[in-house]
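What's in structure_16.cif: mmCIF, C-alpha atoms
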```
data_structure
loop_
_atom_site.label_atom_id
_atom_site.label_comp_id
_atom_site.auth_asym_id
_atom_site.auth_seq_id
_atom_site.Cartn_x
_atom_site.Cartn_y
_atom_site.Cartn_z
CA MET A 508 7.22 109.20 102.52
CA GLY A 509 8.11 108.78 98.90
CA ILE A 510 10.37 105.98 97.78
CA ALA A 511 12.45 106.47 94.64
CA ASP A 512 12.34 103.69 92.05
CA ASP A 513 15.94 103.72 90.84
CA ARG A 514 15.60 100.86 88.27
CA ARG A 515 18.81 99.24 89.48
CA ASP A 516 19.22 95.73 90.84
CA GLU A 517 20.44 96.06 94.40
CA PRO A 518 20.12 94.52 97.86
CA ALA A 519 17.38 95.64 100.23
CA GLU A 520 18.07 99.03 101.81
CA THR A 521 16.91 100.55 105.09
CA PHE A 522 16.32 103.93 106.65
CA ARG A 523 14.87 105.05 109.97
CA VAL A 524 11.98 107.31 110.91
CA VAL A 525 12.16 109.02 114.30
CA LEU A 526 9.24 110.70 116.04
CA VAL A 527 10.81 113.83 117.47
CA THR A 528 8.07 115.94 119.10
CA ALA A 529 4.28 116.05 119.24
CA ASP A 530 1.75 118.74 120.18
CA VAL A 531 -0.73 117.72 122.86
CA ALA A 532 0.88 114.26 123.22
CA ASP A 533 4.02 112.66 124.51
CA VAL A 534 6.37 110.72 122.25
CA ASP A 535 6.94 107.26 123.69
CA PRO A 536 10.76 106.92 123.94
CA LYS A 537 10.53 103.12 123.63
CA THR A 538 8.68 103.13 120.31
CA ARG A 539 9.67 106.41 118.68
CA VAL A 540 11.95 104.87 116.03
CA ALA A 541 10.85 102.72 113.09
CA ALA A 542 13.15 100.94 110.66
CA VAL A 543 11.86 100.98 107.08
CA THR A 544 13.13 98.37 104.63
CA ILE A 545 13.00 99.03 100.90
CA GLU A 546 12.79 95.73 99.01
CA ASP A 547 14.23 95.94 95.52
CA ASN A 548 11.71 95.47 92.70
CA ASP A 549 14.15 95.51 89.80
CA ALA A 550 14.95 92.46 87.71
CA GLN A 551 18.40 90.96 87.90
CA PRO A 552 20.54 91.59 84.83
CA THR A 553 21.11 88.75 82.39
CA VAL A 554 24.45 87.36 81.26
CA SER A 555 24.97 86.20 77.69
CA VAL A 556 27.69 85.19 75.26
CA VAL A 557 27.93 87.85 72.55
CA ASP A 558 29.33 85.74 69.72
CA ASP A 559 30.63 82.29 68.78
CA PRO A 560 34.34 82.64 68.00
CA VAL A 561 36.07 80.57 65.36
CA VAL A 562 39.74 79.78 65.92
CA THR A 563 42.29 78.12 63.64
CA GLU A 564 44.83 75.61 64.91
CA ARG A 565 48.51 76.47 64.54
CA SER A 566 51.25 73.99 63.94
CA GLY A 567 54.15 73.83 66.39
CA THR A 568 53.96 74.98 69.97
CA SER A 569 52.13 78.28 69.48
CA ALA A 570 49.12 78.51 71.75
CA VAL A 571 45.79 79.54 70.29
CA VAL A 572 43.33 81.33 72.54
CA ALA A 573 39.58 81.39 71.97
CA THR A 574 38.20 84.61 73.43
CA LEU A 575 34.51 84.86 74.26
CA ARG A 576 32.80 88.18 74.85
CA VAL A 577 30.31 87.96 77.70
CA ARG A 578 27.74 90.71 78.20
CA LEU A 579 25.89 91.87 81.29
CA SER A 580 22.55 93.37 80.22
CA ALA A 581 22.51 96.09 82.89
CA ARG A 582 24.67 97.41 85.69
CA SER A 583 24.11 95.95 89.13
CA SER A 584 25.01 97.39 92.49
CA LYS A 585 25.99 93.85 93.48
CA PRO A 586 28.93 91.89 92.07
CA VAL A 587 27.73 89.36 89.47
CA ARG A 588 29.42 85.96 89.59
CA VAL A 589 29.20 83.63 86.60
CA ASP A 590 30.36 80.02 86.91
CA TYR A 591 31.33 78.54 83.57
CA GLN A 592 32.81 75.34 82.24
CA THR A 593 33.85 73.94 78.90
CA LEU A 594 31.97 70.94 77.59
CA LYS A 595 32.98 68.55 74.86
CA GLY A 596 31.36 68.67 71.48
CA THR A 597 33.12 67.06 68.56
CA ALA A 598 36.36 68.42 70.09
CA ALA A 599 37.75 66.44 73.03
CA PRO A 600 38.86 68.05 76.32
CA ASP A 601 42.62 68.01 76.85
CA ALA A 602 43.21 66.58 73.35
CA ASP A 603 41.72 69.49 71.39
CA PHE A 604 41.18 72.16 74.05
CA VAL A 605 42.07 72.83 77.66
CA ALA A 606 39.11 71.98 79.87
CA ARG A 607 37.99 74.75 82.22
CA ASP A 608 35.66 75.04 85.21
CA GLU A 609 36.09 78.62 86.41
CA VAL A 610 34.43 81.85 87.52
CA LEU A 611 33.95 85.14 85.72
CA GLN A 612 33.02 88.12 87.87
CA PHE A 613 31.55 91.50 87.00
CA ALA A 614 32.31 94.13 89.63
CA ALA A 615 29.44 96.04 91.20
CA GLY A 616 28.53 99.29 89.53
#
```

Let me see whether you can do it: turn the structure in this file into structure tokens.
Amino acid sequence: MGIADDRRDEPAETFRVVLVTADVADVDPKTRVAAVTIEDNDAQPTVSVVDDPVVTERSGTSAVVATLRVRLSARSSKPVRVDYQTLKGTAAPDADFVARDEVLQFAAG
């Protein structure tokens, strides 16, 4: 039985093999079915930040939004969950930026 290497990160998959008939032998009804598990051999995709944005403060009450582009290196048949949080540098949380501890999710496919 050939197994196709699909080069896609995915959970283990299964299929069954059933012995149907045999010449000059009887098929044992108790042990005629085997479950075959295909373990995935493909690497998980990687997640990375594409660029470092630079934003300029605005006077008044206008909100400024820093948008980060996040890249998934390859499609996955499983949803990819990325936990992220903001960390202080020379800018202070809540004084200079809104602190975040959230989740980004890439849908399967």

- Task: Might you spell out which residues the PyMOL selection byres ((chain A and resi 580-585) around 9) would select in the displayed file, as a PyMOL selection string?
- Result: chain A and resi 515-518+551-555+578-579+586-587+613-616

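Atom pair CA of Glu564 (chain A) / CA of Val589 (chain A): separated by 27.9 Å.
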
- Output check: residues returned by the PyMOL selection byres ((chain A and resi 508) around 12), as a list in words: Gly509, Ile510, Ala511, Phe522, Arg523, Val524, Val543 and Ile545 of chain A

Could you give me, as a tab-separated table, a per-residue list for region 545-594 of chain A showing, wherever an atom lies at most 10 Å from an atom of region 601-610 of chain A, the closest pair of atoms and their distance in Å to one decimal, using only C-alpha atoms and sorting by chain then residue number from low to high?
```
residue	atom	partner	partner_atom	distance
A:Glu564	CA	A:Asp603	CA	9.4
A:Val571	CA	A:Phe604	CA	9.5
A:Val572	CA	A:Phe604	CA	9.5
A:Ala573	CA	A:Phe604	CA	9.6
A:Arg588	CA	A:Val610	CA	6.8
A:Val589	CA	A:Val610	CA	5.6
A:Asp590	CA	A:Val610	CA	4.5
A:Tyr591	CA	A:Glu609	CA	5.5
A:Gln592	CA	A:Asp608	CA	4.1
A:Thr593	CA	A:Arg607	CA	5.4
A:Leu594	CA	A:Ala606	CA	7.6
```

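For the pair CA of Ala599 (chain A) and CA of Thr563 (chain A), the interatomic distance is 15.7 Å.
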
- Query: Closest to Leu611 (chain A) among A:Lys537, A:Leu526, A:Lys595, A:Leu575, using only C-alpha atoms?
  - Reply: A:Leu575

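The two atoms in question, CA of Glu520 (chain A) and CA of Glu546 (chain A), are spaced 6.8 Å apart.
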
- From the list A:Pro560, A:Thr544, A:Gln612, A:Thr597, the nearest residue to Ala519 (chain A) using all atoms listed in the file is A:Thr544

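This file gives the following result for the PyMOL selection byres ((chain A and resi 559) around 10): A:Val556, A:Val557, A:Asp558, A:Pro560, A:Val561, A:Val562, A:Ala573, A:Thr574, A:Leu575, A:Arg576.
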
Please report, as AutoDock Vina command-line options, the centre and edge lengths in Å to one decimal of an axis-aligned box covering all listed atoms of region 584-597 of chain A with 6 Å per side.
```
--center_x 29.4 --center_y 82.2 --center_z 81.0 --size_x 20.8 --size_y 42.3 --size_z 36.9
```

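Nearest to Arg514 (chain A) of all the residues A:Ala570, A:Asp549, A:Ala598, A:Val577 is A:Asp549, counting all atoms listed in the file.
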